[in-house]
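Colleague: Input: one structure, supplied below.
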Amino acid sequence: MTNALSRLMTTRDWLLADGATGTTLFNMGLQSGDAPEFWNVDHTDRITALYQGAVDAGSDLFLTNTFGGNAARLKLHDGQSRVFELNKAGAEIGREVADKSGRDVIVAGSVGPTGEIMEPMGALTHASAVEMFHEQAEGLKAGGADIVWVETISAAEEFKAAAEAFALADMPWCGTMSFDTAGRTMMGITSAEMVKLVGKLPNAPLAFGANCGVGSSDLLRTVKGFVDAEPTTPLISKGNAGIPKYVDGHIHYDGTPELMADYACLARDLGATIIGGCCGTTPDHLRSMRSALETRPKADAPSLEDISSALGGFSSESDGTDGAGPTRAPRRGRRRS
Amino acid sequence: MSDEDDIILSELNDDDLVAQMFDDLYDGLKEEIEEGVNILLERGWAPYDILTKALVGGMTIVGHDFRDGILFVPEVLLAANAMKGGMFILKPLLAETGAPRVGKMVIGTVKGDIHDIGKNLVGMMMEGAGFEVVDLGINNAVESYMEAIKAEDADILGMSALLTTTMPYMKVVIDTMIEEGIRDDYTILVGGAPLNEEFGKAIGADAYCRDAAVAVETAKTFMARKHNQGATA
């Protein structure tokens, strides 16, 4: 399959993705509780500025302001009938910014989780999840997105539903999960398990990886877990700029541009191809990451010790891939059939 | 599995049955839990003893393993669902027999925050520990919390936020309670991915709870303290 992202990946060793969407929009005056996706129509200038910030800072790829643009999320704002419109609008603004940049910049249509729990534990069926993701992907496609990009997923079932929907929309795609619970996703998926999951999908993504989660060191431990499981697909690393801290009534992410520059180079040295930030990552962070990736030569893959000494310690001792994690206490040993 | 591995619940003595119910809760086997509860009732167990010894006991193990990163959300949801099956049988009987109240919690995500998976999980685990839970859902203004804690005669107020932009609203609620002079009538627990202990202290909550299992343990500790104070007052 030929598309803008796979073409760009053949000419470059690494690509710089973007940083934060939500935290940036809040700084532009988005009120908590409002749907950011409405701004794709109501405040196009601000969304243009959001994308432009990433592109001017050197991003080769940015995600559209459509994270919560599925029917389940928009329903909470009574916007469930506007899925196609809002996603198309978010992608169109992106297309315009990318086309004006004078270089190859990829518009990746962001697709976030439904926020619901899938069967059998929850109420969301596979069919309705596919339908929601498909509807969103069609809007992003119509708006001119190069690819679609599902992110911050925690359940394998939801990741599979998104993959199926993107095949229906005939869109090339990338996908990332969020590993925020003792090195696993909220639903318990380890990095190694995600590699297996991706390997079994009938329509493989162009790249896959991790976003958000805890801090940048945890994120790189996850990337190392991917590498150790020998994936055949390029890897994505999109970590938060540190950890949120409450300072004088405001929330501030404590990762500096210098720290994120170190993070970006370590991600590349581990073997990640698409490298970016997530929450708290501003254009200043991105500029610093870009310049470090361009000027610092590639080094040997860092060990876990190298990562924690450069970026700080991990949130848990094990991430479930080393067999050293806690295990279940001995049981009565009898189970009924 | 061969026939000899099958366990007939009604053939187990009380201790073995309770131990088996712990395992069945752990495995999220709802029908087996319902069967176990009915057998214990037939054997003359008090509903309150079944709740605390069999069900809450089993959910405590689930909670510990969730806290320790052995179990994850899907397993906990299945366990909570099995627990619910047992509670459905016990609830009317508990009311009839005037069993002691473990505690009552009002819970909801704060104004502006529509992310409710964490809050739902805490609610389920609290019910699993025998608490009564009044779920206010998402996007709660201070008035909605104030009205509910008073109307429900709650012991505990739980507030949840997933966004860094919504978490400061928790302080608005606590400050209002202070103004009305009712702050100390309630235990206030806060939680959500971007929070931490420092934040909980800064806004005047009684405790920050890292996850649903910690929320349950913390709630139990505060309820025990409250009972002790009641006894010495």
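Ordering of the structure tokens sets the chain letters (A, B, ...); residue numbers start at 1 within each chain; ligands are numbered from 1 in the order shown.
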Could you give me the residues within range 58-151 of chain B that DSSP places in helix (DSSP H, G or I), as a PyMOL selection string?
Modeller: chain B and resi 58-67+73-96+117-128+142-151
Colleague: Report as a list in words: the residues of range 54-162 of chain B with a DSSP assignment of strand (DSSP E), based on the backbone of this structure.
Modeller: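 The strand (DSSP E) subset of range 54-162 of chain B is Lys104, Met105, Val106, Ile107, Gly108, Thr109, Glu132, Val133, Val134, Asp135, Ile156, Leu157, Gly158, Met159 and Ser160 of chain B.
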Colleague: Counting only C-alpha atoms, which residues in chain A sit no more than 9 Å from chain B? For each one, give the nearest pair of atoms and the distance in Å, sorted by chain then residue number, as a tab-separated table.
Modeller:
```
residue	atom	partner	partner_atom	distance
A:Thr23	CA	B:Thr165	CA	8.3
A:Phe26	CA	B:Thr165	CA	7.6
A:Gln31	CA	B:Gly112	CA	7.9
A:Ser32	CA	B:Gly112	CA	4.8
A:Gly33	CA	B:Gly112	CA	3.5
A:Asp34	CA	B:Gly112	CA	7.3
A:Arg73	CA	B:Ile114	CA	8.8
A:Leu76	CA	B:Ile114	CA	7.5
A:Gly115	CA	B:His115	CA	7.2
A:Glu116	CA	B:Ile117	CA	7.6
A:Ile117	CA	B:Ile117	CA	8.1
A:Pro120	CA	B:Leu78	CA	8.8
A:Met121	CA	B:Leu77	CA	6.2
A:Gly122	CA	B:Leu77	CA	8.3
A:Asp180	CA	B:Ala193	CA	8.8
A:Thr181	CA	B:Gly69	CA	7.5
A:Ala182	CA	B:Gly69	CA	6.2
A:Arg184	CA	B:Gly69	CA	8.9
A:Thr185	CA	B:Phe72	CA	8.8
A:Met186	CA	B:Val73	CA	6.4
A:Met187	CA	B:Val73	CA	5.2
A:Gly188	CA	B:Phe72	CA	5.1
A:Ile189	CA	B:Phe72	CA	8.9
A:Ile243	CA	B:Pro194	CA	8.1
A:Pro244	CA	B:Pro194	CA	6.3
A:Lys245	CA	B:Phe199	CA	8.0
A:Tyr246	CA	B:Phe199	CA	6.2
A:Gly249	CA	B:Pro168	CA	6.9
A:His250	CA	B:Pro168	CA	7.7
A:Ile251	CA	B:Thr164	CA	6.0
A:His252	CA	B:Thr164	CA	8.6
A:Gly320	CA	B:Gly69	CA	8.8
A:Gly325	CA	B:Ile70	CA	8.0
A:Pro326	CA	B:Ile70	CA	6.0
A:Thr327	CA	B:Ile70	CA	5.7
A:Arg328	CA	B:Ile70	CA	6.3
A:Ala329	CA	B:Asp65	CA	8.8
A:Arg331	CA	B:Asp23	CA	7.3
A:Arg332	CA	B:Gln20	CA	7.6
A:Arg334	CA	B:Asp5	CA	6.7
A:Arg335	CA	B:Asp5	CA	7.0
A:Arg336	CA	B:Asp6	CA	4.9
A:Ser337	CA	B:Met1	CA	5.5
```
Colleague: Point out the residue among A:Ala156, A:Ala301, A:Ala91, A:Ile274 with the least atom-to-atom distance to Asp228 in chain A, counting only C-alpha atoms.
Modeller: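 Closest residue, counting only C-alpha atoms: A:Ala301.
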Colleague: Do a neighbour search on range 149-162 of chain B at 6 Å with only C-alpha atoms, toss out local chain neighbours closer than 5 positions, and write the hits as an mmCIF file with C-alpha atoms, in the first residue's frame.
Modeller:
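Output below, filename part-v7.cif:
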```
data_model
loop_
_atom_site.group_PDB
_atom_site.id
_atom_site.type_symbol
_atom_site.label_atom_id
_atom_site.label_comp_id
_atom_site.auth_asym_id
_atom_site.auth_seq_id
_atom_site.Cartn_x
_atom_site.Cartn_y
_atom_site.Cartn_z
ATOM 1 C CA LYS B 104 -22.614 4.824 52.867
ATOM 2 C CA MET B 105 -20.752 6.626 50.122
ATOM 3 C CA VAL B 106 -21.881 9.294 47.704
ATOM 4 C CA ILE B 107 -19.664 9.285 44.612
ATOM 5 C CA GLY B 108 -19.443 11.170 41.324
ATOM 6 C CA THR B 109 -17.040 12.769 38.849
ATOM 7 C CA MET B 167 -9.332 18.243 39.438
ATOM 8 C CA TYR B 186 -17.930 13.484 56.226
ATOM 9 C CA THR B 187 -14.878 11.563 55.144
ATOM 10 C CA ILE B 188 -13.745 12.943 51.799
ATOM 11 C CA LEU B 189 -11.857 10.643 49.444
ATOM 12 C CA VAL B 190 -10.530 11.799 46.075
ATOM 13 C CA GLY B 191 -9.081 9.905 43.135
ATOM 14 C CA GLY B 192 -8.297 9.929 39.422
ATOM 15 C CA ALA B 193 -5.302 9.331 37.174
#
```
Colleague: Could you list, as a PyMOL selection string, every residue within 9 Å of Ala165 in chain A, counting only C-alpha atoms and ignoring same-chain residues fewer than 6 positions away?
Modeller: chain A and resi 129-135+137
Colleague: Would you mind exporting N, CA and C atoms of the selected residues as a CSV table (one decimal), in the first residue's frame?
Modeller:
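After the write, part_0.csv holds the following:
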```
chain,number,residue,atom,x,y,z
A,129,ALA,N,-19.0,-0.9,18.4
A,129,ALA,CA,-17.7,-0.2,18.4
A,129,ALA,C,-17.1,0.0,17.0
A,130,VAL,N,-17.2,-1.1,16.2
A,130,VAL,CA,-16.8,-1.0,14.8
A,130,VAL,C,-17.5,0.1,14.1
A,131,GLU,N,-18.8,0.1,14.3
A,131,GLU,CA,-19.7,1.1,13.6
A,131,GLU,C,-19.2,2.6,14.0
A,132,MET,N,-19.0,2.8,15.3
A,132,MET,CA,-18.6,4.1,15.7
A,132,MET,C,-17.3,4.5,15.1
A,133,PHE,N,-16.3,3.6,15.2
A,133,PHE,CA,-15.0,4.0,14.7
A,133,PHE,C,-15.0,4.2,13.2
A,134,HIS,N,-15.8,3.4,12.5
A,134,HIS,CA,-16.0,3.5,11.1
A,134,HIS,C,-16.5,4.9,10.7
A,135,GLU,N,-17.6,5.3,11.4
A,135,GLU,CA,-18.2,6.6,11.1
A,135,GLU,C,-17.2,7.7,11.3
A,137,ALA,N,-13.9,7.4,11.1
A,137,ALA,CA,-12.8,7.3,10.1
A,137,ALA,C,-13.3,7.9,8.7
```
Colleague: What's the 7 Å shell around range 121-125 of chain B, counting only C-alpha atoms, without same-chain residues fewer than 2 positions away, as a PDB file with N, CA and C atoms, in the first residue's frame?
Modeller:
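Below you can see result.pdb, which holds the result:
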```
ATOM      1  N   ALA B  80     -16.806  -8.363  40.581  1.00  0.00           N
ATOM      2  CA  ALA B  80     -17.831  -7.471  41.130  1.00  0.00           C
ATOM      3  C   ALA B  80     -19.216  -7.902  40.665  1.00  0.00           C
ATOM      4  N   ILE B 117     -14.938   5.642  34.116  1.00  0.00           N
ATOM      5  CA  ILE B 117     -14.571   4.234  34.332  1.00  0.00           C
ATOM      6  C   ILE B 117     -13.982   4.053  35.733  1.00  0.00           C
ATOM      7  N   GLY B 118     -13.093   4.954  36.139  1.00  0.00           N
ATOM      8  CA  GLY B 118     -12.465   4.845  37.457  1.00  0.00           C
ATOM      9  C   GLY B 118     -13.482   4.950  38.575  1.00  0.00           C
ATOM     10  N   LYS B 119     -14.359   5.925  38.433  1.00  0.00           N
ATOM     11  CA  LYS B 119     -15.409   6.132  39.436  1.00  0.00           C
ATOM     12  C   LYS B 119     -16.307   4.895  39.542  1.00  0.00           C
ATOM     13  N   GLU B 127     -19.087  -1.435  46.875  1.00  0.00           N
ATOM     14  CA  GLU B 127     -20.236  -2.329  47.075  1.00  0.00           C
ATOM     15  C   GLU B 127     -19.747  -3.723  47.421  1.00  0.00           C
ATOM     16  N   GLY B 128     -18.661  -4.102  46.774  1.00  0.00           N
ATOM     17  CA  GLY B 128     -18.068  -5.407  47.050  1.00  0.00           C
ATOM     18  C   GLY B 128     -17.604  -5.518  48.491  1.00  0.00           C
ATOM     19  N   ALA B 129     -17.282  -4.393  49.092  1.00  0.00           N
ATOM     20  CA  ALA B 129     -16.825  -4.394  50.479  1.00  0.00           C
ATOM     21  C   ALA B 129     -17.999  -4.184  51.433  1.00  0.00           C
ATOM     22  N   VAL B 133     -23.626   2.417  48.066  1.00  0.00           N
ATOM     23  CA  VAL B 133     -23.046   3.431  47.187  1.00  0.00           C
ATOM     24  C   VAL B 133     -24.151   4.185  46.458  1.00  0.00           C
ATOM     25  N   ALA B 212      -9.036   1.727  43.102  1.00  0.00           N
ATOM     26  CA  ALA B 212     -10.277   1.320  43.762  1.00  0.00           C
ATOM     27  C   ALA B 212     -10.010   0.477  45.009  1.00  0.00           C
ATOM     28  N   ALA B 213      -8.966  -0.338  44.957  1.00  0.00           N
ATOM     29  CA  ALA B 213      -8.658  -1.185  46.109  1.00  0.00           C
ATOM     30  C   ALA B 213      -8.218  -0.334  47.290  1.00  0.00           C
ATOM     31  N   ALA B 215      -9.047   2.738  47.727  1.00  0.00           N
ATOM     32  CA  ALA B 215     -10.236   3.480  48.168  1.00  0.00           C
ATOM     33  C   ALA B 215     -11.012   2.669  49.202  1.00  0.00           C
ATOM     34  N   VAL B 216     -11.168   1.380  48.931  1.00  0.00           N
ATOM     35  CA  VAL B 216     -11.908   0.516  49.851  1.00  0.00           C
ATOM     36  C   VAL B 216     -11.191   0.429  51.199  1.00  0.00           C
TER      37      VAL B 216
END
```
Colleague: Please provide the set of residues having any atom within 9 Å of Glu37 in chain A, restricted to only C-alpha atoms, with same-chain residues fewer than 6 positions apart removed, written as number ranges by chain.
Modeller: A: 65-69, 74, 86-87, 90
Colleague: Save out the residues we just selected, N, CA and C atoms, as a PDB file, in the first residue's frame.
Modeller:
```pdb
ATOM      1  N   ASN A  65      -7.596  17.284  15.990  1.00  0.00           N
ATOM      2  CA  ASN A  65      -8.367  17.546  17.201  1.00  0.00           C
ATOM      3  C   ASN A  65      -9.700  16.790  17.159  1.00  0.00           C
ATOM      4  N   THR A  66      -9.585  15.461  17.129  1.00  0.00           N
ATOM      5  CA  THR A  66     -10.792  14.646  16.968  1.00  0.00           C
ATOM      6  C   THR A  66     -10.794  13.458  17.926  1.00  0.00           C
ATOM      7  N   PHE A  67      -9.955  13.549  18.964  1.00  0.00           N
ATOM      8  CA  PHE A  67      -9.779  12.443  19.911  1.00  0.00           C
ATOM      9  C   PHE A  67     -11.112  11.923  20.459  1.00  0.00           C
ATOM     10  N   GLY A  68     -11.970  12.841  20.850  1.00  0.00           N
ATOM     11  CA  GLY A  68     -13.268  12.431  21.421  1.00  0.00           C
ATOM     12  C   GLY A  68     -14.378  12.473  20.390  1.00  0.00           C
ATOM     13  N   GLY A  69     -14.007  12.352  19.113  1.00  0.00           N
ATOM     14  CA  GLY A  69     -14.982  12.534  18.039  1.00  0.00           C
ATOM     15  C   GLY A  69     -15.756  11.292  17.644  1.00  0.00           C
ATOM     16  N   LEU A  74     -19.160  12.033  21.962  1.00  0.00           N
ATOM     17  CA  LEU A  74     -19.888  13.254  21.591  1.00  0.00           C
ATOM     18  C   LEU A  74     -21.304  13.258  22.156  1.00  0.00           C
ATOM     19  N   LEU A  86     -17.765  16.963  12.390  1.00  0.00           N
ATOM     20  CA  LEU A  86     -16.692  17.462  13.256  1.00  0.00           C
ATOM     21  C   LEU A  86     -15.349  16.835  12.910  1.00  0.00           C
ATOM     22  N   ASN A  87     -15.377  15.551  12.529  1.00  0.00           N
ATOM     23  CA  ASN A  87     -14.125  14.900  12.145  1.00  0.00           C
ATOM     24  C   ASN A  87     -13.614  15.415  10.807  1.00  0.00           C
ATOM     25  N   GLY A  90     -12.137  18.844  11.432  1.00  0.00           N
ATOM     26  CA  GLY A  90     -10.835  18.769  12.105  1.00  0.00           C
ATOM     27  C   GLY A  90      -9.729  18.357  11.150  1.00  0.00           C
TER      28      GLY A  90
END
```
Colleague: Could you give me, as a list in words, the residues within 12 Å of Arg43 in chain B, counting only C-alpha atoms and dropping anything in the same chain fewer than 6 positions from it?
Modeller: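 That gives Ser10, Leu12, Asn13, Asp14, Leu17, Gly36, Val37 and Ile50 of chain B.
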Colleague: Could you tell me how far CA of Ser6 in chain A sits from CA of Glu230 in chain A, in Å to one decimal place?
Modeller: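 Distance between the two atoms: 20.0 Å.
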